[in-house]
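A short worksheet on the structure shown next.
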Amino acid sequence: MSVAALHKKEMAPKEYKSDVNVVWCPGCGHHGILNAILRSLSELGVDPTNLVNVSGIGCSSRTPYFMQSYKMHTLHGRAGPVATGVQLARPDQLVCVTGGDGDGFAIGGGHMPHMARRNVNLTYILFDNGIYGLTKGQYSPTSRRELKAYTTPYGGPDDPMNPLLYMLTYGATYVAQAFAGKPKVCADLIKGAMEHKGFSYVNIYSQCVTYNRIDTIQYYRDLMREIPADHDPSDLGAAIELARGDTEGHRPMGLLYQVQRETLDERLAAIVKQVGGHPDFDRNKIINQYRP
Amino acid sequence: MSVAALHKKEMAPKEYKSDVNVVWCPGCGHHGILNAILRSLSELGVDPTNLVNVSGIGCSSRTPYFMQSYKMHTLHGRAGPVATGVQLARPDQLVCVTGGDGDGFAIGGGHMPHMARRNVNLTYILFDNGIYGLTKGQYSPTSRRELKAYTTPYGGPDDPMNPLLYMLTYGATYVAQAFAGKPKVCADLIKGAMEHKGFSYVNIYSQCVTYNRIDTIQYYRDLMREIPADHDPSDLGAAIELARGDTEGHRPMGLLYQVQRETLDERLAAIVKQVGGHPDFDRNKIINQYRP
Amino acid sequence: MSKANDLIIRVAGEGGEGIISTGDFIAAACARAGLEVYTFKTFPAEIKGGYAMYQVRVSSERVYNQGDTFDVFCAFNGEAYELNKHLLTPGTAFVYDYPGGDFQPDAIPEGVTAYPIPMSQASKDLGSYRSKNMVAMGALSVLFNISEETLKQVLTNKFKKKGEEILNFNLKAFEKGKELGTALQKRDTWRVADPVEPKDVIIISGNDAVGMGALLGGLEFFSAYPITPATEIAKFVATHIPKLTGTLVQAEDEIASIAQVLGASYAGRKSMTSTSGPGLSLMSELLGMASMGEIPALVVDVQRGGPSTGLPTKHEQSDLFLAIHGTHGDAPRVVLSVEDVKDCVDMTVDALNLAEQYQCPVILLSDGSLAFSTQTIPAPKPENYTLVNRKRWDGEGKYFRYAITEDLISPMSDPGTPGGEHIATGLEHGASGAPSWSSENHEVMHRKRFGKIKGLVDTYKPVEVDGEGEADVGIIAWGSTIGVVRESITRLRAEGIKVKGFYPKLMWPMPVAQYEAFAATCQKILVPEVNFQGQLSHFIRAETTIRPIPYTICGGLPFNPAMIVNKVKEVL
Amino acid sequence: MSKANDLIIRVAGEGGEGIISTGDFIAAACARAGLEVYTFKTFPAEIKGGYAMYQVRVSSERVYNQGDTFDVFCAFNGEAYELNKHLLTPGTAFVYDYPGGDFQPDAIPEGVTAYPIPMSQASKDLGSYRSKNMVAMGALSVLFNISEETLKQVLTNKFKKKGEEILNFNLKAFEKGKELGTALQKRDTWRVADPVEPKDVIIISGNDAVGMGALLGGLEFFSAYPITPATEIAKFVATHIPKLTGTLVQAEDEIASIAQVLGASYAGRKSMTSTSGPGLSLMSELLGMASMGEIPALVVDVQRGGPSTGLPTKHEQSDLFLAIHGTHGDAPRVVLSVEDVKDCVDMTVDALNLAEQYQCPVILLSDGSLAFSTQTIPAPKPENYTLVNRKRWDGEGKYFRYAITEDLISPMSDPGTPGGEHIATGLEHGASGAPSWSSENHEVMHRKRFGKIKGLVDTYKPVEVDGEGEADVGIIAWGSTIGVVRESITRLRAEGIKVKGFYPKLMWPMPVAQYEAFAATCQKILVPEVNFQGQLSHFIRAETTIRPIPYTICGGLPFNPAMIVNKVKEVL
Ligand SMILES: Cc1ncc(C[n+]2csc(CCOP(=O)(O)OP(=O)(O)O)c2C)c(N)n1
Ligand SMILES: Cc1ncc(C[n+]2csc(CCOP(=O)(O)OP(=O)(O)O)c2C)c(N)n1
Ligand code: SF4
Ligand code: SF4
Ligand SMILES: [Mg+2]
Ligand SMILES: [Mg+2]
């Protein structure tokens, strides 16, 4: 969504917080991401009345409770299509999804490609901690095999997925990554995502201090490499190369990809225009087609 | 699956056919794919008793009925995980999925990444006709926007997905593509897939002569370009480049990618080995852990 | 049971031979001639080819169902003949492709009037097999008094788009058929009633009618996934909703469809989806979210033969259990069921209204036979429909999304409304929407959610009672079975048998008092339904004191009036 | 109602303070001392912190439920005190963190014996807050006669893995607590019964017991997706099944889990999944496929507060509608429900057996309170379980997968068996599995699928009847409510009230004759259940002639015996 059209407000980041207690464990990376979101909203001057924040189920999916705005706490894996419905119904609002790696890529994985290729005009912020936090620590699609978790006491049998590569392949028009330890970077990338018109995906690594003892904040710090300044974000091939990581297994931090493409609501609006749609269209014209 | 281990048979392609009438429209590309499958089974000498053929719902998903073998005609979109269950239960059998673009990438799209990244040892043959055939012609995730179909009388609003790129991104260990008009090429690629140990994906364009009037066999003929002989199928980057198509929008035909990686059943077997698993393991040892 | 002015013509043959268009033309011509039409089709379950059947019942009076069997049968091929020959009973007329067709019938039974027409041959002589159905239609028109004038108008309307040449070719074939028909001597008494003053009607299928109802009901957002026998609803909406600036999405699956519907509805739009049994099963979880989050949502379920993939192109009324009980936990829903094509229009409007009014999921049940049945119905008048909008917050004071109000319905607030920010949630919650784990609150909220729809049994016209006073047998029927029962009751009364009918359209919550009052006037209660377990009977036993006699068939075909008549006599 | 040898100790405080381990240690020590133990916990719904409660009921005789309330309450913090202080009634004992804790209680009520123990302070003095629970345990052990010997054994077993140092530190804190407890004068009469000869028991939670039952039942393949409160089943199986060469997969969602289960089962393996309500909703469609394709499959549903996300960590018995009716079309299932932890072991074996025997989906219902309740049960003897394997084809003649046999169960054939090639399908089919669209076949196959499980109501031990002769009130209970009713009945009888109990474990198909026979001996029938609509009452009304009095609570907490006792007196 380009937020330019939204009624602007001057509000400090903390004014975007609701009065619901933040229930995350102390030290959880999700705190940092929440703060980054609040900060980007403030910097953009978003009026919370025009923001719809949608989530599924998970620790990360509790985010909407902690924020001022219209919001939906939906079902595990379903934030994406619910948010799609919101956005198509109200293209004049800023729509945002906050959710986890399990929510987005395990049970919700079937919806991701379609949101992206349709270029649904919303921002998807994925709190990637390589674990199912809320259910007390099972491995997720982004878990490393080394992780011994609840249902994988002998280590995981699956190779982790690569969210960035998926999103680039799916046709997201804005793809970025950071980690919770860099709130300023996160805020900037989220801001960029919200300003972007089209489907924006921001992957933020987040340490789950309670159940994922191997993906620590230090691990992420060592893992991440800033994207070189000369990277051209409109070059899909280059973005794919970056997403695949370097030879030592480092992961990119920053904006990988950004292009402009017609959004789904624009395309649907074009069809309405093409048929000369009007709310007061005479329904009798349709009925009359069925006269014998 | 490597079929080497399977009891070998000498059977002509047509002997692999069942006596159920093939109900597809005359001229449908699916006929060619079925024949290619029968041919590869024959060339490999597969004993149909050791073949489990799983499908979902769609015209293409009727394939199992027309073949000799163990087979399951499951639900729309669920062939993948059902076949995963079969394969893990019986790693000594050859497991195969036959299904459509809608079945595999719309309703079944959430299962695809996980089968691929887990390297489930089975062959997935996707009959890609850019349409929902069985339900009489709605646009599918691989439909071009130009296609005017049942629910998209004014043209489709979505950009089509790229199955090959998805599969490479997902971590499939064998990725190939052809079109139904080249039965020999299809048969060779399917044969390679069945011989491959790991998750093999073969995308076969198939003309739906009844509902997709724009993706004709001639269209596919013009679309496809043989993969250059010097392509290195173990080079993921090169495969991704190929999958993205050339500048004129042509699509690759042949084997894009093949690597060896441990399969899911191998990894699970390794865990069994690690804990010293045995069918006659004394269950009292487990029970005794719960004595106070 | 057909009278001269109540005629049933069945046309059957190979799918693709023009069976469906023949039926459609006849139906439209009769409707144009001011007559009442009820059609019934069965499709091949095969992808292409296979046996197709189209039956047109036409009368100068209202018709409520497809009838018992045909009066006139027109066989396009040998398979159609083989499948129907046992129905060629004395009195029926039999038109068939001969000579030159792919079969020769057995000896024509005593009392059957046979009219061999060389349809294939004539068509071939004209230069194209594709006109076989036109030849048939020409013959049928002269033999059975189908208005030539209106038939020609219908044909002209249809073919003129395709160009003069095609039109003329088809008209030529039609003339040829007339000629062939005229050459034969009319020996039976079957004839379509003469044209009368055209009425203000439309002729439309159940699925299209649901789409029409949706647009008349103010639908703004539609998302669905294709599935037989519901897809035509999406097609209708896709074609027309852009004209009204509404939105249609074909989603990646049924879960995404209902998810999008909930999102769009939260955002303030009247929203719906349509599906069949397998899709409704997949929606179970999100329908619970709609109950809990109090989000208006309409799901139209066009039932088909189950369970599982079942008999996907066949009729059944077997999703009632799922519609009422299909989610975990205690979750209130409104379930409605249509009787006929007119209901498909009107009750879709009702269903959208109820969803808005009660802020909950509404499931509207149609079925496979209605989906494709075309019927003449009074042309809907857009201005006659009263639309209900959800209660919206007035902007006064502090906003509580789930406030306990007098009628237990809490005002909603659309995104963009200052001060109305809130959360919609599937977690149990207090008035504000914030999670609440207390037992007391859970109970209060359950009472709110169930309580708000309770009054519906009195405010929504829940049932229709057919007959007065005492009866020996009362028949309770739902869905398209109602139309069959209506006619059975007329016939039974004509024989002096005391019967009454009870036709619920509001399936859940159950209008228990009305059921009881009806049953109190009947010696016995018979409940015919097209499913195996007797699903409505189950709910009647559970929720009322009535002990009905279930009469179930599960064959993929609807009842016909004779079956009900016989059954009533049996239980009498 | 507790006697001296039937003591209920409740420990409560902030999640993470060692509440759960304190309870576990006490329970294990008592079990080791030969006593019977029944524990009950509530978890915070919050991610970390929040109120946690652990209640241990211990007796020298068998205990059936968590009891009415506590005899001894140990408060770790002010929140725990606030939430429980209304239960500090005369006769109870109250142990609390004072001085040095985060609260000071109000005046101690008349008749309550208070034991202030400076748990935090003592722990801090020892150098770590983490030993607060050890201090508490030491005090509780001397004050209430919890066997020091067995407690120390349990502690040692637990901590020795973590090293000598940690063990010693904890033992020191324990000693400190003993010292503090000894310094106070014992003024109440509550004491745990003295140790007796240890019995051949295990102490295990409901979820672990399901896992154990699965392995004893010959489970070979398990696939599930994590969900509260069922995940521990997967954890148990993940830990142990590889030892038996079986396979566990954590799938990408519940749909994939049940799909994998069907695949593995088709391939010849005993297969299951476990989930809670939201997952069961998602499985609706594939469960219909299992009915139609006649594929053995076990789903364990650990019910939680619904609908939708509901009260995910709370108890409820509200998935009965979904379990029985949750798919489109008419689809037969077997639904079982466990009473207690012992059932969790034994009936999981039964459930696997029934799935194999009847080739259909079996749903085993547990619930949120049983999931985490640990109970002493006789140590299972693997050799005592009889395992059933599916009927397999004998290789003779031509193979028809869905052949109509005398008992309506058709032999299956595993992949790799020559001549046994066949299709399993969700389409309606004839004997071979090939699609069949005829009405007659549909009816035949419905009768087969429903008919094969009919006999179950006589062959599977469906119910238990508690009491003989006539009664004024008969109580029908299911799930963990049964244990509560058992004790209520004992109390009511002690008061001379004539009551009987009826405890169905086979929920569907319903053993109607047994229900009727029971009801015939009772003046009134009361059906207590923890859901809003009275789900079992619904089925009783629908399937029997009984008109029960529903007694529903939907608060997220189980019943206690006093509630049932009072209700019986009320309806008497
Ligand atoms: C249908 C369904 N299945 C399972 C669950 C249980 N569940 C809740 S949250 C969750 C995983 C959360 O992981 P993630 O999305 O990564 O979020 P995190 O807690 O790590 O932030 C699961 C499996 C559920 N709520 N609904
Ligand atoms: C749950 C569910 N939703 C929808 C359907 C209806 N349906 C059957 S096949 C099909 C699409 C088939 O398209 P594809 O997979 O591309 O196969 P094709 O017919 O083109 O070979 C659909 C939507 C169904 N059977 N089940
Ligand atoms: S469990 Fe993990 S993800 Fe959840 S709040 Fe705690 S640290 Fe964060
Ligand atoms: S409808 Fe299309 S896909 Fe189906 S059989 Fe006919 S041509 Fe093939
Ligand atoms: Mg996570
Ligand atoms: Mg297709």
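Residue numbers start at 1 in each chain; chains themselves are named A, B, ... in the order of the structure tokens; ligands are numbered from 1 in the order shown.
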As a PyMOL selection string, could you give me every residue of chain C near chain D (at most 7 Å apart, counting only C-alpha atoms)? chain C and resi 277-278+281-282+284-285+288-289+292+305-311+318-319+321-322+325-331+426-428+437+439-440+442-443+532-533+538-539+541-542+554-556
Need to verify the contact set: Gly80 of chain A, 12 Å, only C-alpha atoms, exclusion of same-chain residues closer than 6 positions in sequence. Can you return it as a ChimeraX atom specification? /A:53-57,61,72-74,86-87,95-100,103-105,107-116,120-126,199,201 /C:251-252,255-260,262-263
For atom CA of Ser413 of chain D and atom CA of Leu506 of chain D, the interatomic separation in Å (one decimal): 28.6 Å
Based on only C-alpha atoms, which of the residues in chain D come within 8 Å of chain A? I want them as a PDB file with N, CA, C and O atoms, in the first residue's frame.
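The resulting iface_3.pdb:
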ATOM      1  N   GLU D  46      -1.381 -17.585  28.791  1.00  0.00           N
ATOM      2  CA  GLU D  46      -0.322 -16.669  28.353  1.00  0.00           C
ATOM      3  C   GLU D  46       0.877 -17.486  27.922  1.00  0.00           C
ATOM      4  O   GLU D  46       0.999 -18.663  28.222  1.00  0.00           O
ATOM      5  N   ILE D  47       1.782 -16.840  27.211  1.00  0.00           N
ATOM      6  CA  ILE D  47       2.930 -17.551  26.677  1.00  0.00           C
ATOM      7  C   ILE D  47       3.906 -17.898  27.787  1.00  0.00           C
ATOM      8  O   ILE D  47       4.418 -19.000  27.878  1.00  0.00           O
ATOM      9  N   LYS D  48       4.183 -16.953  28.625  1.00  0.00           N
ATOM     10  CA  LYS D  48       5.056 -17.228  29.759  1.00  0.00           C
ATOM     11  C   LYS D  48       4.503 -16.496  30.964  1.00  0.00           C
ATOM     12  O   LYS D  48       3.865 -15.469  30.833  1.00  0.00           O
ATOM     13  N   PRO D 226       1.313 -30.030  15.616  1.00  0.00           N
ATOM     14  CA  PRO D 226       1.202 -29.640  17.026  1.00  0.00           C
ATOM     15  C   PRO D 226      -0.055 -28.824  17.318  1.00  0.00           C
ATOM     16  O   PRO D 226      -0.428 -27.972  16.515  1.00  0.00           O
ATOM     17  N   ILE D 227      -0.682 -29.098  18.415  1.00  0.00           N
ATOM     18  CA  ILE D 227      -1.797 -28.271  18.879  1.00  0.00           C
ATOM     19  C   ILE D 227      -2.064 -28.568  20.352  1.00  0.00           C
ATOM     20  O   ILE D 227      -2.061 -29.719  20.776  1.00  0.00           O
ATOM     21  N   THR D 228      -2.271 -27.512  21.102  1.00  0.00           N
ATOM     22  CA  THR D 228      -2.652 -27.630  22.495  1.00  0.00           C
ATOM     23  C   THR D 228      -4.091 -28.121  22.556  1.00  0.00           C
ATOM     24  O   THR D 228      -4.920 -27.599  21.819  1.00  0.00           O
ATOM     25  N   THR D 231      -0.418 -32.016  21.923  1.00  0.00           N
ATOM     26  CA  THR D 231       0.927 -32.172  21.366  1.00  0.00           C
ATOM     27  C   THR D 231       1.770 -33.227  22.078  1.00  0.00           C
ATOM     28  O   THR D 231       2.610 -33.874  21.468  1.00  0.00           O
ATOM     29  N   ALA D 234       2.135 -36.593  20.470  1.00  0.00           N
ATOM     30  CA  ALA D 234       3.147 -36.666  19.407  1.00  0.00           C
ATOM     31  C   ALA D 234       4.544 -36.740  20.000  1.00  0.00           C
ATOM     32  O   ALA D 234       5.417 -37.454  19.515  1.00  0.00           O
ATOM     33  N   LYS D 235       4.749 -36.014  21.077  1.00  0.00           N
ATOM     34  CA  LYS D 235       6.069 -36.017  21.701  1.00  0.00           C
ATOM     35  C   LYS D 235       6.401 -37.420  22.215  1.00  0.00           C
ATOM     36  O   LYS D 235       7.510 -37.923  22.007  1.00  0.00           O
ATOM     37  N   ALA D 238       7.048 -39.608  19.254  1.00  0.00           N
ATOM     38  CA  ALA D 238       8.316 -39.253  18.608  1.00  0.00           C
ATOM     39  C   ALA D 238       9.493 -39.845  19.368  1.00  0.00           C
ATOM     40  O   ALA D 238      10.475 -40.302  18.778  1.00  0.00           O
ATOM     41  N   THR D 239       9.384 -39.840  20.674  1.00  0.00           N
ATOM     42  CA  THR D 239      10.486 -40.329  21.495  1.00  0.00           C
ATOM     43  C   THR D 239      10.633 -41.840  21.391  1.00  0.00           C
ATOM     44  O   THR D 239      11.750 -42.361  21.345  1.00  0.00           O
ATOM     45  N   GLN D 250       5.975 -34.993  11.659  1.00  0.00           N
ATOM     46  CA  GLN D 250       5.232 -33.769  11.958  1.00  0.00           C
ATOM     47  C   GLN D 250       4.906 -33.146  10.608  1.00  0.00           C
ATOM     48  O   GLN D 250       5.798 -32.687   9.892  1.00  0.00           O
ATOM     49  N   GLU D 252       2.829 -30.697   7.683  1.00  0.00           N
ATOM     50  CA  GLU D 252       2.726 -29.245   7.514  1.00  0.00           C
ATOM     51  C   GLU D 252       1.406 -28.696   8.028  1.00  0.00           C
ATOM     52  O   GLU D 252       1.290 -27.490   8.255  1.00  0.00           O
ATOM     53  N   ASP D 253       0.421 -29.545   8.217  1.00  0.00           N
ATOM     54  CA  ASP D 253      -0.847 -29.138   8.833  1.00  0.00           C
ATOM     55  C   ASP D 253      -1.671 -30.386   9.133  1.00  0.00           C
ATOM     56  O   ASP D 253      -1.221 -31.507   8.868  1.00  0.00           O
ATOM     57  N   GLU D 254      -2.862 -30.192   9.664  1.00  0.00           N
ATOM     58  CA  GLU D 254      -3.681 -31.344  10.047  1.00  0.00           C
ATOM     59  C   GLU D 254      -4.221 -32.076   8.834  1.00  0.00           C
ATOM     60  O   GLU D 254      -4.472 -33.281   8.887  1.00  0.00           O
ATOM     61  N   SER D 308     -14.044 -22.314  17.731  1.00  0.00           N
ATOM     62  CA  SER D 308     -12.903 -21.628  17.133  1.00  0.00           C
ATOM     63  C   SER D 308     -11.673 -21.769  18.037  1.00  0.00           C
ATOM     64  O   SER D 308     -11.499 -22.799  18.680  1.00  0.00           O
ATOM     65  N   THR D 309     -10.859 -20.740  18.118  1.00  0.00           N
ATOM     66  CA  THR D 309      -9.668 -20.871  18.961  1.00  0.00           C
ATOM     67  C   THR D 309     -10.087 -20.987  20.420  1.00  0.00           C
ATOM     68  O   THR D 309      -9.424 -21.661  21.216  1.00  0.00           O
TER      69      THR D 309
END
So the first atom is atom CA of Ala269 of chain A and the second is atom CA of Lys243 of chain C; what is the distance between them in Å, to one decimal place? 10.8 Å
Any idea what the distance is between atom CA of Ala27 of chain C and atom CA of Lys186 of chain C?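 Value for the atom CA of Ala27 of chain C-atom CA of Lys186 of chain C distance: 22.0 Å.
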At a cut-off of 9 Å, using only C-alpha atoms, what residues contact His231 of chain A? Leave out same-chain residues fewer than 5 positions from it and give the result as a PyMOL selection string. chain A and resi 238-239+256
Let me see the file: selected residues, N, CA and C atoms, as a compact mmCIF listing (two decimals), in the first residue's frame.
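After the write, out-v7.txt holds the following:
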# COMPACT_ATOMS: atom_id res chain seq x y z
N ALA A 238 19.52 -11.28 -9.66
CA ALA A 238 20.47 -10.91 -8.60
C ALA A 238 19.84 -11.14 -7.23
N ALA A 239 18.56 -10.83 -7.13
CA ALA A 239 17.88 -11.03 -5.84
C ALA A 239 17.84 -12.51 -5.49
N LEU A 256 16.01 -6.87 -0.90
CA LEU A 256 16.48 -7.70 -2.00
C LEU A 256 15.84 -7.32 -3.33
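Selecting chain A residues within 7 Å of chain B and counting only C-alpha atoms yields Gly109, Gly110, Arg117, Arg118, Tyr154, Pro157, Asp158, Asp159, Met161, Leu165, Tyr166, Thr169, Tyr170, Leu264, Arg267, Leu268 and Ile271 of chain A.
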Residues from the last selection, all heavy atoms, saved as a compact mmCIF listing (two decimals), in the first residue's frame:
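Result saved to selection-v2.txt:
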# COMPACT_ATOMS: atom_id res chain seq x y z
N GLY A 109 1.08 -22.21 4.24
CA GLY A 109 1.96 -22.17 3.06
C GLY A 109 1.24 -22.21 1.73
O GLY A 109 1.77 -21.75 0.72
N GLY A 110 0.04 -22.76 1.72
CA GLY A 110 -0.69 -22.85 0.46
C GLY A 110 -1.23 -21.52 -0.02
O GLY A 110 -1.56 -21.35 -1.19
N ARG A 117 1.64 -13.80 -6.14
CA ARG A 117 1.55 -13.67 -7.60
C ARG A 117 0.40 -12.75 -8.00
O ARG A 117 0.43 -12.12 -9.05
CB ARG A 117 1.46 -15.03 -8.28
CG ARG A 117 0.18 -15.78 -8.10
CD ARG A 117 0.25 -17.20 -8.65
NE ARG A 117 -1.01 -17.87 -8.47
CZ ARG A 117 -2.04 -17.79 -9.31
NH1 ARG A 117 -1.94 -17.10 -10.42
NH2 ARG A 117 -3.17 -18.41 -9.04
N ARG A 118 -0.60 -12.66 -7.13
CA ARG A 118 -1.71 -11.73 -7.41
C ARG A 118 -1.35 -10.31 -7.03
O ARG A 118 -2.11 -9.39 -7.26
CB ARG A 118 -2.94 -12.16 -6.62
CG ARG A 118 -3.56 -13.43 -7.14
CD ARG A 118 -4.57 -13.99 -6.17
NE ARG A 118 -5.20 -15.17 -6.76
CZ ARG A 118 -5.83 -16.11 -6.07
NH1 ARG A 118 -5.92 -16.01 -4.76
NH2 ARG A 118 -6.37 -17.15 -6.67
N TYR A 154 15.40 -36.45 18.25
CA TYR A 154 16.66 -36.92 17.69
C TYR A 154 17.13 -36.02 16.55
O TYR A 154 17.97 -36.40 15.74
CB TYR A 154 16.51 -38.37 17.21
CG TYR A 154 15.86 -39.25 18.25
CD1 TYR A 154 14.56 -39.70 18.10
CD2 TYR A 154 16.55 -39.60 19.42
CE1 TYR A 154 13.95 -40.49 19.08
CE2 TYR A 154 15.96 -40.39 20.41
CZ TYR A 154 14.65 -40.82 20.23
OH TYR A 154 14.05 -41.59 21.20
N PRO A 157 14.24 -34.19 10.50
CA PRO A 157 14.57 -34.88 9.25
C PRO A 157 14.48 -33.99 8.01
O PRO A 157 14.88 -34.42 6.94
CB PRO A 157 13.51 -35.99 9.19
CG PRO A 157 12.33 -35.41 9.89
CD PRO A 157 12.85 -34.45 10.92
N ASP A 158 13.97 -32.76 8.17
CA ASP A 158 13.70 -31.95 6.98
C ASP A 158 14.73 -30.84 6.79
O ASP A 158 15.16 -30.22 7.76
CB ASP A 158 12.33 -31.26 7.09
CG ASP A 158 11.21 -32.22 7.43
OD1 ASP A 158 11.41 -33.43 7.28
OD2 ASP A 158 10.16 -31.73 7.86
N ASP A 159 15.07 -30.58 5.55
CA ASP A 159 15.89 -29.40 5.27
C ASP A 159 15.02 -28.16 5.36
O ASP A 159 13.90 -28.14 4.85
CB ASP A 159 16.48 -29.51 3.86
CG ASP A 159 17.58 -30.55 3.82
OD1 ASP A 159 18.32 -30.66 4.82
OD2 ASP A 159 17.69 -31.26 2.81
N MET A 161 13.34 -24.58 4.72
CA MET A 161 12.99 -23.82 3.52
C MET A 161 13.68 -22.46 3.53
O MET A 161 14.20 -22.04 4.56
CB MET A 161 11.49 -23.62 3.49
CG MET A 161 10.99 -22.91 4.73
SD MET A 161 9.35 -22.21 4.59
CE MET A 161 9.63 -20.89 3.43
N LEU A 165 13.64 -16.95 -1.03
CA LEU A 165 13.63 -17.57 -2.35
C LEU A 165 12.20 -17.90 -2.77
O LEU A 165 11.80 -17.69 -3.92
CB LEU A 165 14.48 -18.84 -2.29
CG LEU A 165 15.08 -19.37 -3.59
CD1 LEU A 165 15.80 -18.28 -4.36
CD2 LEU A 165 16.05 -20.50 -3.27
N TYR A 166 11.43 -18.41 -1.81
CA TYR A 166 10.02 -18.68 -2.10
C TYR A 166 9.34 -17.40 -2.59
O TYR A 166 8.64 -17.40 -3.60
CB TYR A 166 9.28 -19.15 -0.83
CG TYR A 166 9.42 -20.61 -0.46
CD1 TYR A 166 10.62 -21.29 -0.62
CD2 TYR A 166 8.36 -21.30 0.11
CE1 TYR A 166 10.75 -22.61 -0.24
CE2 TYR A 166 8.47 -22.63 0.49
CZ TYR A 166 9.67 -23.28 0.32
OH TYR A 166 9.79 -24.59 0.72
N THR A 169 10.30 -16.23 -6.00
CA THR A 169 9.73 -17.15 -6.97
C THR A 169 8.23 -16.92 -7.14
O THR A 169 7.68 -17.03 -8.23
CB THR A 169 9.99 -18.58 -6.49
OG1 THR A 169 11.39 -18.81 -6.51
CG2 THR A 169 9.30 -19.60 -7.34
N TYR A 170 7.58 -16.61 -6.03
CA TYR A 170 6.13 -16.43 -6.05
C TYR A 170 5.71 -15.12 -6.74
O TYR A 170 4.55 -14.95 -7.08
CB TYR A 170 5.58 -16.40 -4.63
CG TYR A 170 5.61 -17.71 -3.88
CD1 TYR A 170 5.47 -17.75 -2.49
CD2 TYR A 170 5.79 -18.93 -4.55
CE1 TYR A 170 5.48 -18.95 -1.79
CE2 TYR A 170 5.81 -20.13 -3.84
CZ TYR A 170 5.65 -20.14 -2.47
OH TYR A 170 5.67 -21.31 -1.77
N LEU A 264 -3.71 -6.58 -7.46
CA LEU A 264 -4.95 -7.30 -7.71
C LEU A 264 -6.14 -6.36 -7.68
O LEU A 264 -7.02 -6.42 -8.56
CB LEU A 264 -5.13 -8.44 -6.69
CG LEU A 264 -6.42 -9.26 -6.83
CD1 LEU A 264 -6.54 -9.89 -8.21
CD2 LEU A 264 -6.49 -10.35 -5.77
N ARG A 267 -6.37 -4.49 -10.82
CA ARG A 267 -6.83 -5.29 -11.96
C ARG A 267 -8.33 -5.53 -11.90
O ARG A 267 -9.02 -5.52 -12.91
CB ARG A 267 -6.07 -6.62 -12.00
CG ARG A 267 -4.63 -6.39 -12.42
CD ARG A 267 -3.88 -7.68 -12.57
NE ARG A 267 -2.54 -7.42 -13.06
CZ ARG A 267 -1.61 -8.36 -13.24
NH1 ARG A 267 -1.89 -9.62 -12.96
NH2 ARG A 267 -0.43 -8.03 -13.70
N LEU A 268 -8.81 -5.76 -10.68
CA LEU A 268 -10.25 -5.96 -10.54
C LEU A 268 -11.00 -4.66 -10.84
O LEU A 268 -12.05 -4.66 -11.47
CB LEU A 268 -10.57 -6.48 -9.14
CG LEU A 268 -10.04 -7.91 -8.87
CD1 LEU A 268 -10.22 -8.29 -7.41
CD2 LEU A 268 -10.72 -8.93 -9.77
N ILE A 271 -11.46 -4.25 -14.48
CA ILE A 271 -12.57 -5.02 -15.04
C ILE A 271 -13.88 -4.26 -14.82
O ILE A 271 -14.72 -4.16 -15.72
CB ILE A 271 -12.64 -6.43 -14.41
CG1 ILE A 271 -11.44 -7.27 -14.88
CG2 ILE A 271 -13.95 -7.13 -14.75
CD1 ILE A 271 -11.33 -8.64 -14.25
